[in-house]
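Colleague: Got a file for you: my_file16.txt, compact mmCIF, C-alpha atoms.
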```txt
# COMPACT_ATOMS: atom_id res chain seq x y z
CA MET U 160 65.25 -154.66 -28.45
CA ALA U 161 61.94 -155.60 -26.87
CA VAL U 162 58.73 -154.24 -28.29
CA ASN U 163 56.11 -153.34 -25.69
CA VAL U 164 52.81 -152.10 -27.06
CA PRO U 165 49.53 -151.90 -25.11
CA LEU U 166 47.21 -154.08 -27.19
CA GLY U 167 43.97 -153.93 -25.25
CA PRO U 168 41.35 -156.45 -24.12
CA LEU U 169 41.78 -158.70 -27.16
CA LEU U 170 44.95 -159.93 -25.46
CA ASP U 171 43.18 -160.74 -22.20
CA PRO U 172 42.98 -164.51 -21.53
CA ALA U 173 39.85 -166.22 -22.84
CA PHE U 174 40.84 -169.53 -21.21
CA HIS U 175 43.95 -171.53 -20.32
CA ILE U 176 45.45 -174.63 -21.90
CA GLY U 177 47.25 -176.04 -18.90
CA SER U 178 49.11 -173.09 -17.46
CA VAL U 179 49.34 -171.25 -20.79
CA PRO U 180 46.72 -168.53 -21.40
CA THR U 181 44.87 -168.33 -24.71
CA THR U 182 43.84 -164.78 -25.59
CA TRP U 183 40.63 -163.63 -27.22
CA ALA U 184 42.66 -162.51 -30.26
CA GLU U 185 44.12 -166.00 -30.65
CA LEU U 186 40.70 -167.62 -30.20
CA LEU U 187 39.03 -165.34 -32.76
CA GLY U 188 42.04 -165.71 -35.04
CA PHE U 189 41.55 -169.49 -34.88
CA ALA U 190 37.89 -169.19 -35.91
CA THR U 191 38.35 -166.64 -38.71
CA GLY U 192 41.44 -168.45 -40.01
CA ALA U 193 39.63 -171.77 -40.32
CA VAL U 194 36.68 -170.16 -42.11
CA ASN U 195 39.03 -168.19 -44.37
CA VAL U 196 40.96 -171.21 -45.65
CA TRP U 197 37.73 -173.22 -46.11
CA LEU U 198 36.37 -170.40 -48.29
CA VAL U 199 39.59 -170.28 -50.33
CA VAL U 200 39.33 -174.01 -50.98
CA ARG U 201 35.83 -173.40 -52.32
CA GLN U 202 37.02 -170.37 -54.34
CA ASN U 203 34.46 -168.23 -52.51
CA ILE U 204 35.23 -164.52 -52.73
CA LEU U 205 34.13 -163.97 -49.11
CA ASN U 206 37.49 -165.45 -48.10
CA TRP U 207 39.04 -162.00 -48.61
CA PRO U 208 37.01 -159.97 -46.06
CA VAL U 209 37.18 -162.85 -43.56
CA GLY U 210 40.92 -162.96 -44.21
CA LEU U 211 41.22 -159.26 -43.42
CA ALA U 212 39.71 -159.84 -39.98
CA ASN U 213 42.00 -162.83 -39.47
CA VAL U 214 45.25 -161.00 -40.26
CA VAL U 215 44.41 -158.15 -37.86
CA LEU U 216 43.73 -160.59 -35.03
CA LEU U 217 46.81 -162.71 -35.69
CA GLY U 218 48.93 -159.57 -35.99
CA LEU U 219 48.07 -158.79 -32.37
CA VAL U 220 48.87 -162.36 -31.30
CA PHE U 221 52.24 -162.41 -33.04
CA LEU U 222 53.28 -158.99 -31.79
CA ASP U 223 52.46 -160.03 -28.24
CA GLY U 224 54.35 -163.32 -28.72
CA GLY U 225 57.53 -161.70 -30.05
CA LEU U 226 57.11 -163.01 -33.62
CA TYR U 227 57.82 -159.61 -35.13
CA ALA U 228 58.24 -160.68 -38.75
CA ASP U 229 54.91 -162.51 -38.57
CA ALA U 230 53.34 -159.43 -36.98
CA GLY U 231 54.70 -157.19 -39.73
CA LEU U 232 53.58 -159.77 -42.28
CA GLN U 233 49.99 -159.18 -41.27
CA VAL U 234 50.30 -155.52 -42.36
CA VAL U 235 51.47 -156.68 -45.79
CA TYR U 236 48.67 -159.24 -45.78
CA VAL U 237 46.12 -156.43 -45.50
CA VAL U 238 47.43 -155.04 -48.80
CA LEU U 239 47.53 -158.51 -50.39
CA GLN U 240 44.03 -159.33 -49.16
CA LEU U 241 42.69 -156.17 -50.79
CA TYR U 242 44.67 -156.93 -53.97
CA GLY U 243 43.38 -160.50 -54.11
CA TRP U 244 39.82 -159.32 -53.52
CA TRP U 245 40.14 -156.89 -56.43
CA VAL U 246 41.71 -159.52 -58.73
CA TRP U 247 39.00 -162.10 -58.02
CA LEU U 248 36.36 -159.47 -58.74
CA TYR U 249 37.80 -157.75 -61.81
CA ALA U 250 40.56 -159.87 -63.38
CA GLY U 251 38.04 -161.46 -65.74
CA ASP U 252 34.48 -160.79 -66.81
CA GLY U 253 33.43 -161.72 -63.27
CA ARG U 254 34.92 -163.47 -60.29
CA ASP U 255 34.02 -166.86 -61.74
CA GLU U 256 35.99 -165.98 -64.87
CA LEU U 257 39.36 -165.97 -63.08
CA PRO U 258 40.47 -169.56 -63.73
CA VAL U 259 42.75 -171.75 -61.67
CA ARG U 260 46.01 -172.18 -63.58
CA ARG U 261 49.51 -173.57 -63.27
CA THR U 262 52.47 -171.40 -62.31
CA ALA U 263 54.62 -170.39 -65.29
CA ARG U 264 58.39 -170.89 -65.18
CA THR U 265 59.01 -167.16 -65.12
CA GLU U 266 56.62 -166.84 -62.17
CA TRP U 267 58.40 -169.64 -60.31
CA PHE U 268 61.74 -167.89 -60.85
CA ALA U 269 60.37 -164.55 -59.64
CA LEU U 270 58.74 -166.14 -56.58
CA ALA U 271 61.92 -168.07 -55.71
CA VAL U 272 64.09 -164.95 -55.96
CA ALA U 273 61.61 -162.89 -53.94
CA GLY U 274 61.30 -165.61 -51.30
CA ALA U 275 65.06 -166.08 -50.89
CA ALA U 276 65.75 -162.34 -50.80
CA GLY U 277 62.92 -161.75 -48.34
CA THR U 278 64.15 -164.52 -46.04
CA ALA U 279 67.71 -163.18 -46.02
CA LEU U 280 66.66 -159.58 -45.44
CA LEU U 281 64.17 -160.39 -42.69
CA THR U 282 66.60 -162.72 -40.91
CA TRP U 283 69.16 -159.91 -40.76
CA MET U 284 66.58 -157.35 -39.61
CA LEU U 285 65.18 -159.59 -36.89
CA SER U 286 68.65 -160.50 -35.64
CA ALA U 287 69.87 -156.92 -35.62
CA TRP U 288 66.83 -154.97 -34.47
CA THR U 289 64.65 -157.23 -32.33
CA ASP U 290 64.88 -159.73 -29.49
CA SER U 291 63.44 -162.53 -31.63
CA THR U 292 64.62 -165.98 -30.54
CA VAL U 293 63.78 -167.56 -33.92
CA PRO U 294 64.85 -164.98 -36.54
CA PHE U 295 65.51 -167.37 -39.44
CA TRP U 296 62.36 -169.46 -39.01
CA ASP U 297 60.23 -166.37 -38.48
CA ALA U 298 61.71 -164.84 -41.65
CA LEU U 299 61.39 -168.03 -43.72
CA THR U 300 57.73 -168.58 -42.87
CA THR U 301 57.05 -164.90 -43.53
CA ALA U 302 58.60 -165.06 -47.00
CA LEU U 303 56.83 -168.33 -47.86
CA SER U 304 53.49 -166.92 -46.73
CA LEU U 305 53.89 -163.78 -48.82
CA VAL U 306 54.65 -165.63 -52.05
CA ALA U 307 51.88 -168.14 -51.31
CA THR U 308 49.35 -165.36 -50.77
CA TYR U 309 50.35 -163.74 -54.06
CA GLY U 310 49.92 -167.10 -55.81
CA GLN U 311 46.53 -167.53 -54.17
CA SER U 312 45.43 -164.10 -55.42
CA ARG U 313 46.29 -165.20 -58.98
CA LYS U 314 44.71 -168.67 -58.44
CA LEU U 315 48.00 -170.49 -59.06
CA VAL U 316 47.39 -174.11 -58.12
CA GLU U 317 50.97 -174.56 -56.84
CA SER U 318 50.41 -171.85 -54.23
CA TRP U 319 48.97 -174.64 -52.07
CA TRP U 320 52.38 -176.36 -52.03
CA LEU U 321 53.92 -173.15 -50.70
CA TRP U 322 51.27 -172.98 -47.96
CA ILE U 323 51.89 -176.62 -47.08
CA ALA U 324 55.64 -175.97 -46.74
CA ALA U 325 54.98 -172.91 -44.56
CA ASP U 326 52.51 -174.77 -42.34
CA LEU U 327 54.96 -177.61 -41.73
CA ILE U 328 57.32 -175.03 -40.22
CA TYR U 329 54.66 -172.93 -38.50
CA ILE U 330 53.21 -175.80 -36.47
CA PRO U 331 56.32 -176.63 -34.38
CA LEU U 332 57.29 -172.94 -34.29
CA TYR U 333 54.02 -171.88 -32.65
CA PHE U 334 54.11 -174.72 -30.15
CA TYR U 335 57.67 -173.69 -29.29
CA LYS U 336 56.44 -170.12 -28.70
CA GLU U 337 53.59 -171.54 -26.54
CA LEU U 338 50.91 -170.34 -28.98
CA LYS U 339 49.21 -173.71 -28.67
CA LEU U 340 45.82 -172.80 -30.11
CA THR U 341 47.48 -171.11 -33.08
CA GLY U 342 49.66 -174.20 -33.52
CA ALA U 343 46.52 -176.34 -33.53
CA LEU U 344 44.95 -173.94 -36.05
CA TYR U 345 47.87 -174.51 -38.40
CA VAL U 346 47.41 -178.27 -38.13
CA LEU U 347 43.88 -177.60 -39.41
CA PHE U 348 45.31 -175.23 -42.04
CA LEU U 349 47.63 -177.99 -43.22
CA ALA U 350 44.70 -180.37 -43.73
CA LEU U 351 42.71 -177.66 -45.51
CA CYS U 352 45.68 -176.83 -47.74
CA VAL U 353 45.87 -180.46 -48.86
CA ALA U 354 42.12 -180.34 -49.54
CA GLY U 355 42.59 -177.07 -51.44
CA LEU U 356 45.35 -178.55 -53.58
CA VAL U 357 43.13 -181.52 -54.48
CA ALA U 358 40.11 -179.29 -55.22
CA TRP U 359 42.01 -176.78 -57.35
CA ARG U 360 43.77 -179.53 -59.30
CA ARG U 361 40.38 -181.13 -59.95
CA ASP U 362 39.08 -177.78 -61.20
CA LEU U 363 42.17 -177.41 -63.41
CA ARG U 364 41.56 -180.84 -64.97
CA ARG U 365 37.97 -179.84 -65.78
CA GLN U 366 39.30 -176.88 -67.76
CA GLU U 367 41.62 -179.01 -69.88
CA PRO U 368 40.16 -180.06 -73.24
CA ALA U 369 39.13 -183.68 -73.55
CA PRO U 370 41.43 -185.77 -75.80
CA VAL U 371 40.18 -186.13 -79.35
CA ALA U 372 39.36 -189.71 -80.30
CA ALA U 373 41.41 -191.13 -83.13
```
Could you express the structure from this file as structure tokens?

Modeller:
Amino acid sequence: MAVNVPLGPLLDPAFHIGSVPTTWAELLGFATGAVNVWLVVRQNILNWPVGLANVVLLGLVFLDGGLYADAGLQVVYVVLQLYGWWVWLYAGDGRDELPVRRTARTEWFALAVAGAAGTALLTWMLSAWTDSTVPFWDALTTALSLVATYGQSRKLVESWWLWIAADLIYIPLYFYKELKLTGALYVLFLALCVAGLVAWRRDLRRQEPAPVAA
């Protein structure tokens, strides 16, 4: 079942990479996405409003490109972006009071179950109800991104590993779907995720009490 939705001037070509057009939505999604991840690395609360703009733009790109799970994911991202914004503001005495922490075993179990169930359900839905040519990979990256975003909202340091795993799948997937600028963006995301992992682990070490001298 093909999905045809008039999406407006944001999907007009901004320029071409070879013979492949790059839309304004993809170009703006590239810019807001890069700024968003950089702000997350720095634990800057402005990452959430910038992220809201990014998910709307990428939702248009993915819907136009036939990545329906990724398009639907952006709707869920809007809710998660608002949730994360609220948590960073009010989870502690102030946004600086929400500390980076490790993921508990119970959280890992819940995230693994949610990720596996989400992948299976979305793969079935995409295969049965859409014309997606990559139902499993679209579903897997969607599930990974959802659990990673939840971890990010709670400042779980291991959420960066989930983003890294998702990006390693996203990059070839987007090039396969001829979303070359978005594929390049995710190469940048991958580098920023590694930087984020290093920065958050450094922050975590600063929180740990110094060993007591004998």

Colleague: Rounded to one decimal place, report the CA of Trp245 (chain U)-CA of Ile204 (chain U) distance in Å.

Modeller: 9.8 Å

Colleague: Check the smallest atom-to-atom distance from each of U:Gly225, U:Pro258, U:Gly231, U:Pro208 to Arg364 (chain U) using only C-alpha atoms, then report the winner.

Modeller: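 Using only C-alpha atoms, the shortest distance to Arg364 (chain U) belongs to U:Pro258.
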
Colleague: Near Tyr333 (chain U), counting all atoms listed in the file, which residues have an atom at most 9 Å away, once you skip same-chain residues fewer than 6 positions from it, shown as a list in words?

Modeller: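 Within the cut-off, the hits are Lys339, Leu340, Thr341, Gly342, Ala343 and Tyr345 of chain U.
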
Colleague: Given only C-alpha atoms as the basis, pick out the residue of U:Thr265, U:Gly224, U:Leu232, U:Leu303 nearest to Phe334 (chain U).

Modeller: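 Answer, going by the shortest atom-to-atom distance: U:Gly224.
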
Colleague: Using all atoms listed in the file, find the one residue out of U:Leu216, U:Leu226, U:Ala269, U:Leu351 that sits nearest to Gly310 (chain U).

Modeller: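 The shortest atom-to-atom distance to Gly310 (chain U) comes from U:Ala269.
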
Colleague: Output, as AutoDock Vina command-line options, the centre and edge lengths in Å (one decimal) of the axis-aligned box that contains all listed atoms of region 279-286 of chain U with 4 Å of margin on each side.

Modeller:
```
--center_x 66.7 --center_y -160.3 --center_z -40.8 --size_x 13.0 --size_y 13.8 --size_z 18.4
```

Colleague: Interatomic distance between CA of Ser286 (chain U) and CA of Ala298 (chain U)?

Modeller: 10.2 Å

Colleague: Tell me, as a count of residues only, which residues lie within 12 Å of Leu198 (chain U), counting only C-alpha atoms; anything in the same chain fewer than 3 positions away does not count.

Modeller: 21

Colleague: For the atom pair CA of Ala230 (chain U) and CA of Pro294 (chain U), what is the interatomic distance in Å to one decimal place?

Modeller: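 CA of Ala230 (chain U) sits 12.8 Å away from CA of Pro294 (chain U).
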
Colleague: Counting all atoms listed in the file, which residue out of U:Ala271, U:Leu332, U:Val353, U:Leu315 sits closest to Trp197 (chain U)?

Modeller: U:Val353

Colleague: Between U:Tyr309, U:Trp296, U:Trp244, U:Trp288, which is the closest to Ile330 (chain U) once you count all atoms listed in the file?

Modeller: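 Smallest distance to Ile330 (chain U) is found for U:Trp296.
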